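Asks: Dropping in target-v7.pdb, with PDB, C-alpha atoms.
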ATOM      1  CA  MET Z   1      13.900 -23.393 -18.289  1.00  0.00           C
ATOM      2  CA  SER Z   2      14.408 -26.888 -16.953  1.00  0.00           C
ATOM      3  CA  ARG Z   3      11.496 -29.210 -16.152  1.00  0.00           C
ATOM      4  CA  ARG Z   4      12.618 -29.182 -12.518  1.00  0.00           C
ATOM      5  CA  THR Z   5      12.490 -25.356 -12.363  1.00  0.00           C
ATOM      6  CA  PHE Z   6       9.156 -25.289 -14.186  1.00  0.00           C
ATOM      7  CA  GLY Z   7       7.779 -27.952 -11.819  1.00  0.00           C
ATOM      8  CA  ALA Z   8       8.860 -25.985  -8.762  1.00  0.00           C
ATOM      9  CA  LEU Z   9       7.335 -22.786 -10.152  1.00  0.00           C
ATOM     10  CA  ALA Z  10       4.140 -24.563 -11.161  1.00  0.00           C
ATOM     11  CA  ALA Z  11       3.816 -26.074  -7.675  1.00  0.00           C
ATOM     12  CA  ALA Z  12       4.138 -22.589  -6.231  1.00  0.00           C
ATOM     13  CA  GLY Z  13       1.582 -21.234  -8.714  1.00  0.00           C
ATOM     14  CA  LEU Z  14       4.188 -18.992 -10.331  1.00  0.00           C
ATOM     15  CA  ALA Z  15       4.833 -20.666 -13.675  1.00  0.00           C
ATOM     16  CA  ALA Z  16       2.478 -18.391 -15.619  1.00  0.00           C
ATOM     17  CA  THR Z  17       4.288 -15.292 -14.361  1.00  0.00           C
ATOM     18  CA  VAL Z  18       7.638 -16.366 -15.846  1.00  0.00           C
ATOM     19  CA  LEU Z  19       6.618 -18.130 -19.045  1.00  0.00           C
ATOM     20  CA  PRO Z  20       7.267 -16.298 -22.287  1.00  0.00           C
ATOM     21  CA  GLU Z  21       4.045 -14.902 -23.765  1.00  0.00           C
ATOM     22  CA  ALA Z  22       4.145 -17.364 -26.656  1.00  0.00           C
ATOM     23  CA  LEU Z  23       3.965 -20.244 -24.190  1.00  0.00           C
ATOM     24  CA  ALA Z  24       1.368 -18.690 -21.907  1.00  0.00           C
ATOM     25  CA  GLY Z  25      -1.564 -19.767 -24.067  1.00  0.00           C
ATOM     26  CA  PRO Z  26      -4.501 -17.964 -25.624  1.00  0.00           C
ATOM     27  CA  ALA Z  27      -5.314 -15.970 -22.498  1.00  0.00           C
ATOM     28  CA  ALA Z  28      -2.097 -13.977 -22.747  1.00  0.00           C
ATOM     29  CA  ALA Z  29      -2.546 -13.191 -26.417  1.00  0.00           C
ATOM     30  CA  SER Z  30      -6.185 -12.148 -26.207  1.00  0.00           C
ATOM     31  CA  SER Z  31      -6.180 -10.369 -22.855  1.00  0.00           C
ATOM     32  CA  ARG Z  32      -4.755  -7.144 -24.280  1.00  0.00           C
ATOM     33  CA  ARG Z  33      -7.281  -6.879 -27.101  1.00  0.00           C
ATOM     34  CA  GLU Z  34     -10.658  -8.069 -25.864  1.00  0.00           C
ATOM     35  CA  PRO Z  35     -12.818  -6.444 -23.209  1.00  0.00           C
ATOM     36  CA  TYR Z  36     -14.241  -8.621 -20.474  1.00  0.00           C
ATOM     37  CA  GLU Z  37     -17.762  -9.901 -21.017  1.00  0.00           C
ATOM     38  CA  PRO Z  38     -20.028 -11.137 -18.194  1.00  0.00           C
ATOM     39  CA  ALA Z  39     -19.450 -14.818 -18.991  1.00  0.00           C
ATOM     40  CA  TRP Z  40     -16.942 -17.476 -17.868  1.00  0.00           C
ATOM     41  CA  PRO Z  41     -15.505 -18.053 -21.373  1.00  0.00           C
ATOM     42  CA  SER Z  42     -14.531 -14.359 -21.446  1.00  0.00           C
ATOM     43  CA  VAL Z  43     -12.858 -14.626 -18.047  1.00  0.00           C
ATOM     44  CA  ASP Z  44     -11.014 -17.739 -19.225  1.00  0.00           C
ATOM     45  CA  ARG Z  45      -9.553 -15.798 -22.185  1.00  0.00           C
ATOM     46  CA  HIS Z  46      -7.865 -13.271 -19.896  1.00  0.00           C
ATOM     47  CA  LEU Z  47      -4.870 -13.501 -17.587  1.00  0.00           C
ATOM     48  CA  ALA Z  48      -5.663 -13.861 -13.912  1.00  0.00           C
ATOM     49  CA  ALA Z  49      -3.861 -10.591 -13.216  1.00  0.00           C
ATOM     50  CA  PRO Z  50      -2.761  -7.692 -15.425  1.00  0.00           C
ATOM     51  CA  GLU Z  51       0.868  -7.656 -16.529  1.00  0.00           C
ATOM     52  CA  TRP Z  52       1.794  -4.659 -14.353  1.00  0.00           C
ATOM     53  CA  PHE Z  53       0.420  -6.487 -11.302  1.00  0.00           C
ATOM     54  CA  GLN Z  54       2.350  -9.659 -12.029  1.00  0.00           C
ATOM     55  CA  ASP Z  55       5.573  -7.656 -11.882  1.00  0.00           C
ATOM     56  CA  ALA Z  56       4.609  -5.693  -8.768  1.00  0.00           C
ATOM     57  CA  LYS Z  57       6.437  -7.351  -5.884  1.00  0.00           C
ATOM     58  CA  PHE Z  58       5.361  -4.999  -3.105  1.00  0.00           C
ATOM     59  CA  GLY Z  59       2.025  -3.375  -2.341  1.00  0.00           C
ATOM     60  CA  VAL Z  60       0.132  -1.996   0.598  1.00  0.00           C
ATOM     61  CA  TYR Z  61      -3.444  -2.756   1.631  1.00  0.00           C
ATOM     62  CA  TRP Z  62      -4.907  -1.566   4.882  1.00  0.00           C
ATOM     63  CA  HIS Z  63      -7.901  -2.582   6.953  1.00  0.00           C
ATOM     64  CA  TRP Z  64      -9.670   0.475   8.266  1.00  0.00           C
ATOM     65  CA  GLY Z  65     -13.274   1.083   9.153  1.00  0.00           C
ATOM     66  CA  ALA Z  66     -15.773   1.203  12.004  1.00  0.00           C
ATOM     67  CA  PHE Z  67     -14.046  -1.784  13.646  1.00  0.00           C
ATOM     68  CA  THR Z  68     -11.028   0.448  14.370  1.00  0.00           C
ATOM     69  CA  THR Z  69     -13.065   2.744  16.629  1.00  0.00           C
ATOM     70  CA  PRO Z  70     -12.748   0.687  19.835  1.00  0.00           C
ATOM     71  CA  GLU Z  71      -8.974   0.415  19.209  1.00  0.00           C
ATOM     72  CA  PHE Z  72      -9.053  -3.101  20.590  1.00  0.00           C
ATOM     73  CA  GLY Z  73      -8.566  -6.529  19.057  1.00  0.00           C
ATOM     74  CA  SER Z  74      -8.685  -6.770  15.297  1.00  0.00           C
ATOM     75  CA  GLU Z  75     -10.921  -6.204  12.313  1.00  0.00           C
ATOM     76  CA  TRP Z  76     -13.029  -9.029  13.759  1.00  0.00           C
ATOM     77  CA  TYR Z  77     -14.088  -6.858  16.715  1.00  0.00           C
ATOM     78  CA  GLY Z  78     -17.640  -6.544  15.345  1.00  0.00           C
ATOM     79  CA  ARG Z  79     -18.055 -10.319  15.517  1.00  0.00           C
ATOM     80  CA  ASP Z  80     -16.024 -11.083  18.610  1.00  0.00           C
ATOM     81  CA  MET Z  81     -17.708  -8.439  20.776  1.00  0.00           C
ATOM     82  CA  TYR Z  82     -20.803 -10.692  20.700  1.00  0.00           C
ATOM     83  CA  ARG Z  83     -18.934 -13.872  21.707  1.00  0.00           C
ATOM     84  CA  PRO Z  84     -19.142 -14.348  25.511  1.00  0.00           C
ATOM     85  CA  GLY Z  85     -15.748 -15.217  26.923  1.00  0.00           C
ATOM     86  CA  SER Z  86     -13.750 -13.481  24.196  1.00  0.00           C
ATOM     87  CA  ARG Z  87     -11.384 -10.648  25.062  1.00  0.00           C
ATOM     88  CA  GLU Z  88     -13.441  -8.342  22.835  1.00  0.00           C
ATOM     89  CA  TYR Z  89     -16.669  -9.263  24.628  1.00  0.00           C
ATOM     90  CA  ASP Z  90     -15.112  -8.569  28.038  1.00  0.00           C
ATOM     91  CA  HIS Z  91     -13.602  -5.304  26.806  1.00  0.00           C
ATOM     92  CA  HIS Z  92     -16.873  -4.247  25.208  1.00  0.00           C
ATOM     93  CA  LYS Z  93     -18.926  -4.915  28.353  1.00  0.00           C
ATOM     94  CA  ALA Z  94     -16.429  -3.011  30.511  1.00  0.00           C
ATOM     95  CA  THR Z  95     -16.141  -0.055  28.115  1.00  0.00           C
ATOM     96  CA  TYR Z  96     -19.557   0.260  26.446  1.00  0.00           C
ATOM     97  CA  GLY Z  97     -21.973  -2.094  28.193  1.00  0.00           C
ATOM     98  CA  GLU Z  98     -23.858  -5.176  27.074  1.00  0.00           C
ATOM     99  CA  PRO Z  99     -23.394  -5.814  23.339  1.00  0.00           C
ATOM    100  CA  ALA Z 100     -27.127  -6.586  23.031  1.00  0.00           C
ATOM    101  CA  VAL Z 101     -27.820  -3.004  24.175  1.00  0.00           C
ATOM    102  CA  TRP Z 102     -24.715  -1.132  22.926  1.00  0.00           C
ATOM    103  CA  GLY Z 103     -24.265  -2.874  19.582  1.00  0.00           C
ATOM    104  CA  TYR Z 104     -21.746  -2.567  16.776  1.00  0.00           C
ATOM    105  CA  ASP Z 105     -24.019  -0.139  14.932  1.00  0.00           C
ATOM    106  CA  ARG Z 106     -23.256   2.483  17.616  1.00  0.00           C
ATOM    107  CA  PHE Z 107     -19.667   2.690  16.351  1.00  0.00           C
ATOM    108  CA  ILE Z 108     -21.186   3.911  13.077  1.00  0.00           C
ATOM    109  CA  ASP Z 109     -24.186   5.941  14.271  1.00  0.00           C
ATOM    110  CA  GLY Z 110     -22.486   7.200  17.424  1.00  0.00           C
ATOM    111  CA  GLY Z 111     -23.071   6.627  21.109  1.00  0.00           C
ATOM    112  CA  THR Z 112     -21.762   7.298  24.587  1.00  0.00           C
ATOM    113  CA  ASP Z 113     -19.486   4.826  26.362  1.00  0.00           C
ATOM    114  CA  LEU Z 114     -19.788   4.028  30.081  1.00  0.00           C
ATOM    115  CA  ALA Z 115     -17.313   6.804  30.933  1.00  0.00           C
ATOM    116  CA  GLY Z 116     -19.504   9.387  29.174  1.00  0.00           C
ATOM    117  CA  ASN Z 117     -17.302   9.796  26.068  1.00  0.00           C
ATOM    118  CA  HIS Z 118     -18.844  10.192  22.620  1.00  0.00           C
ATOM    119  CA  VAL Z 119     -17.789   7.249  20.424  1.00  0.00           C
ATOM    120  CA  GLN Z 120     -18.182   7.158  16.643  1.00  0.00           C
ATOM    121  CA  PHE Z 121     -16.237   6.198  13.550  1.00  0.00           C
ATOM    122  CA  ALA Z 122     -15.878   9.716  12.215  1.00  0.00           C
ATOM    123  CA  PRO Z 123     -12.410  10.503  10.887  1.00  0.00           C
ATOM    124  CA  LYS Z 124     -12.001  14.229  10.344  1.00  0.00           C
ATOM    125  CA  PRO Z 125     -10.038  15.148   7.199  1.00  0.00           C
ATOM    126  CA  ALA Z 126      -6.905  17.271   7.590  1.00  0.00           C
ATOM    127  CA  SER Z 127      -8.509  19.767   5.195  1.00  0.00           C
ATOM    128  CA  ARG Z 128     -11.122  20.361   7.928  1.00  0.00           C
ATOM    129  CA  GLY Z 129      -8.636  20.518  10.802  1.00  0.00           C
ATOM    130  CA  GLY Z 130      -8.547  16.804  11.602  1.00  0.00           C
ATOM    131  CA  GLN Z 131      -5.822  14.181  11.495  1.00  0.00           C
ATOM    132  CA  PHE Z 132      -7.161  12.014   8.629  1.00  0.00           C
ATOM    133  CA  ASP Z 133      -4.859  12.868   5.714  1.00  0.00           C
ATOM    134  CA  PRO Z 134      -5.237  10.491   2.756  1.00  0.00           C
ATOM    135  CA  ARG Z 135      -2.779  12.556   0.698  1.00  0.00           C
ATOM    136  CA  GLU Z 136      -0.101  11.927   3.334  1.00  0.00           C
ATOM    137  CA  TRP Z 137      -0.905   8.194   3.248  1.00  0.00           C
ATOM    138  CA  VAL Z 138      -0.404   8.189  -0.524  1.00  0.00           C
ATOM    139  CA  ARG Z 139       2.868  10.111  -0.183  1.00  0.00           C
ATOM    140  CA  ILE Z 140       4.213   7.601   2.344  1.00  0.00           C
ATOM    141  CA  ILE Z 141       3.091   4.599   0.295  1.00  0.00           C
ATOM    142  CA  LYS Z 142       4.643   5.987  -2.897  1.00  0.00           C
ATOM    143  CA  ALA Z 143       7.888   6.723  -1.032  1.00  0.00           C
ATOM    144  CA  SER Z 144       7.951   3.119   0.192  1.00  0.00           C
ATOM    145  CA  GLY Z 145       8.250   1.857  -3.388  1.00  0.00           C
ATOM    146  CA  ALA Z 146       4.881   0.096  -3.375  1.00  0.00           C
ATOM    147  CA  LYS Z 147       3.509  -0.605  -6.863  1.00  0.00           C
ATOM    148  CA  PHE Z 148      -0.122  -0.881  -5.754  1.00  0.00           C
ATOM    149  CA  ALA Z 149      -2.156   0.156  -2.737  1.00  0.00           C
ATOM    150  CA  GLY Z 150      -5.656   0.525  -1.434  1.00  0.00           C
ATOM    151  CA  PRO Z 151      -7.956   0.229   1.531  1.00  0.00           C
ATOM    152  CA  VAL Z 152     -10.270  -2.687   2.059  1.00  0.00           C
ATOM    153  CA  ALA Z 153     -13.414  -1.059   0.689  1.00  0.00           C
ATOM    154  CA  GLU Z 154     -15.859  -3.261   2.588  1.00  0.00           C
ATOM    155  CA  HIS Z 155     -14.965  -5.668   5.320  1.00  0.00           C
ATOM    156  CA  HIS Z 156     -16.986  -8.569   6.670  1.00  0.00           C
ATOM    157  CA  ASP Z 157     -18.975  -6.147   8.856  1.00  0.00           C
ATOM    158  CA  GLY Z 158     -20.885  -5.050   5.730  1.00  0.00           C
ATOM    159  CA  TYR Z 159     -20.020  -1.362   6.177  1.00  0.00           C
ATOM    160  CA  SER Z 160     -19.122   0.068   2.772  1.00  0.00           C
ATOM    161  CA  MET Z 161     -16.367   2.686   2.738  1.00  0.00           C
ATOM    162  CA  TRP Z 162     -17.867   4.439  -0.306  1.00  0.00           C
ATOM    163  CA  ASP Z 163     -21.178   5.926  -1.435  1.00  0.00           C
ATOM    164  CA  SER Z 164     -22.914   2.617  -2.098  1.00  0.00           C
ATOM    165  CA  GLU Z 165     -26.204   2.679  -3.951  1.00  0.00           C
ATOM    166  CA  VAL Z 166     -27.155  -0.776  -2.653  1.00  0.00           C
ATOM    167  CA  ASN Z 167     -26.028  -0.637   0.983  1.00  0.00           C
ATOM    168  CA  GLU Z 168     -27.420   1.947   3.379  1.00  0.00           C
ATOM    169  CA  TRP Z 169     -24.576   1.054   5.778  1.00  0.00           C
ATOM    170  CA  ASN Z 170     -21.939   3.129   4.024  1.00  0.00           C
ATOM    171  CA  SER Z 171     -19.503   5.859   5.027  1.00  0.00           C
ATOM    172  CA  VAL Z 172     -21.394   8.559   3.124  1.00  0.00           C
ATOM    173  CA  ALA Z 173     -24.858   7.831   4.518  1.00  0.00           C
ATOM    174  CA  LYS Z 174     -23.732   6.976   8.068  1.00  0.00           C
ATOM    175  CA  GLY Z 175     -20.765   7.710  10.272  1.00  0.00           C
ATOM    176  CA  PRO Z 176     -18.139  10.082   8.876  1.00  0.00           C
ATOM    177  CA  ARG Z 177     -20.173  11.068   5.794  1.00  0.00           C
ATOM    178  CA  LEU Z 178     -17.017  10.660   3.690  1.00  0.00           C
ATOM    179  CA  ASP Z 179     -16.541   8.861   0.365  1.00  0.00           C
TER
END
Let me see the file written as structure tokens.

Replies:
Amino acid sequence: MSRRTFGALAAAGLAATVLPEALAGPAAASSRREPYEPAWPSVDRHLAAPEWFQDAKFGVYWHWGAFTTPEFGSEWYGRDMYRPGSREYDHHKATYGEPAVWGYDRFIDGGTDLAGNHVQFAPKPASRGGQFDPREWVRIIKASGAKFAGPVAEHHDGYSMWDSEVNEWNSVAKGPRLD
């Protein structure tokens, strides 16, 4: 590899992914043999990413949670609905009422919008007659050729999408009651 090629790869942060193992330093050699310990020197002895991940060129992550319930804006809905003048704030007031009264927590615990509709983040699994079919998602992702995939397990709204032992705001304790 020429110095020019190495320099370009290094500038892009990619040099470590193409260097032969012998040149990659002690982290590459030790990362396969030693378990991680809860200390920085241990982290420093391991590669930043596992070998299979370094070779994976395509993956799928998705943002899904209580913030998808209003079907408006983005995953930042829970923040922006409280910002007067934002599109989310205006939408929220028109659809649900004042954010100070009809807050983000209602998307999780459930509530009634101004039109009288029940609103709650409560996906119903296909196995129970609903449309939420994680097995179909996996089938589609595998068929796409993705080498890794996964949902964002907890977004900035603090709502955990698993049975958290440290956060009462989780999808098993509140909302869909799904892990």

Asks: For atom CA of Glu71 of chain Z and atom CA of Phe121 of chain Z, quote the distance in Å rounded to one decimal.

Replies: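 Calculated distance between atom CA of Glu71 of chain Z and atom CA of Phe121 of chain Z is 10.9 Å.
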
Asks: Go through Z:Glu88, Z:Gln54, Z:Arg45, Z:Gly116 one by one, measure the shortest atom-to-atom distance of each to Ser74 of chain Z using all atoms listed in the file, and give the residue with the smallest value.

Replies: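 Ranking Z:Glu88, Z:Gln54, Z:Arg45, Z:Gly116 by distance to Ser74 of chain Z, first place goes to Z:Glu88.
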
Asks: Could you jot down the atom CA of Trp62 of chain Z to atom CA of Phe107 of chain Z separation for me, Å, one decimal place?

Replies: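 Computed distance, atom CA of Trp62 of chain Z to atom CA of Phe107 of chain Z, equals 19.2 Å.
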
Asks: How would you write, as an MDAnalysis selection string, the residues chosen by the PyMOL selection byres ((chain Z and resi 82) around 10) on this structure?

Replies: chainID Z and resid 77:81 83:86 88:90 92:93 98:100 103:104

Asks: Give me a file of those residues, with C-alpha atoms, as a compact mmCIF listing (two decimals), keeping the file's coordinate frame.

Replies:
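Just written: again09.txt:
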# COMPACT_ATOMS: atom_id res chain seq x y z
CA TYR Z 77 -14.09 -6.86 16.72
CA GLY Z 78 -17.64 -6.54 15.34
CA ARG Z 79 -18.06 -10.32 15.52
CA ASP Z 80 -16.02 -11.08 18.61
CA MET Z 81 -17.71 -8.44 20.78
CA ARG Z 83 -18.93 -13.87 21.71
CA PRO Z 84 -19.14 -14.35 25.51
CA GLY Z 85 -15.75 -15.22 26.92
CA SER Z 86 -13.75 -13.48 24.20
CA GLU Z 88 -13.44 -8.34 22.84
CA TYR Z 89 -16.67 -9.26 24.63
CA ASP Z 90 -15.11 -8.57 28.04
CA HIS Z 92 -16.87 -4.25 25.21
CA LYS Z 93 -18.93 -4.92 28.35
CA GLU Z 98 -23.86 -5.18 27.07
CA PRO Z 99 -23.39 -5.81 23.34
CA ALA Z 100 -27.13 -6.59 23.03
CA GLY Z 103 -24.26 -2.87 19.58
CA TYR Z 104 -21.75 -2.57 16.78

Asks: Would you mind telling me which residue in Z:Val101, Z:Ala94, Z:Ala39, Z:Val119 lies nearest to Phe67 of chain Z when using only C-alpha atoms?

Replies: Z:Val119

Asks: Report, in Å with one decimal, the straight-line distance from atom CA of Asp55 of chain Z to atom CA of Lys147 of chain Z.

Replies: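 Going from atom CA of Asp55 of chain Z over to atom CA of Lys147 of chain Z, I get 8.9 Å.
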
Asks: Taking into account all atoms listed in the file, which residue in the set Z:Val138, Z:Ala173, Z:Val60, Z:Leu47 is nearest to Glu34 of chain Z?

Replies: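 Among the listed residues, Z:Leu47 lies closest to Glu34 of chain Z.
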
Asks: Do you know which residues are at most 12 Å from Phe58 of chain Z counting only C-alpha atoms, after dropping those on the same chain fewer than 3 positions away, and could you put them as a list of chain:residue names?

Replies: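 The residues that qualify are Z:Trp52, Z:Phe53, Z:Gln54, Z:Asp55, Z:Tyr61, Z:Ile141, Z:Lys142, Z:Ser144, Z:Gly145, Z:Ala146, Z:Lys147, Z:Phe148, Z:Ala149.
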
Asks: So that I can see what lies close to Gln120 of chain Z, please list as a list in words the residues with an atom at most 8 Å from it, counting all atoms listed in the file and leaving out residues fewer than 6 positions away in the same chain.

Replies: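 Here the answer would be Ala66, Thr69, Arg106, Phe107, Ile108, Asp109, Gly110, Gly111 and Gly175 of chain Z.
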
Asks: Give me the residues near Tyr36 of chain Z as a PyMOL selection string, where near means some atom within 8 Å (using all atoms listed in the file) and where sequence neighbours in that chain fewer than 3 positions away do not count.

Replies: chain Z and resi 42-43+46

Asks: Of the residues Z:His156, Z:Lys124, Z:His118, Z:Arg87, which is the one nearest to Pro176 of chain Z, using all atoms listed in the file?

Replies: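 Smallest distance to Pro176 of chain Z is found for Z:Lys124.
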
Asks: Applying the PyMOL selection byres ((chain Z and resi 164) around 12) to the file I just gave you, which residues come out? Please list them as an MDAnalysis selection string.

Replies: chainID Z and resid 153:154 158:163 165:174 177:179

Asks: As lines of an AutoDock Vina configuration file, what would the box around segment 104-122 of chain Z look like: edges along x, y and z, 8 Å added on every side, centre and edge lengths in Å to one decimal?

Replies:
center_x = -20.0
center_y = 3.8
center_z = 21.6
size_x = 24.3
size_y = 28.8
size_z = 34.7
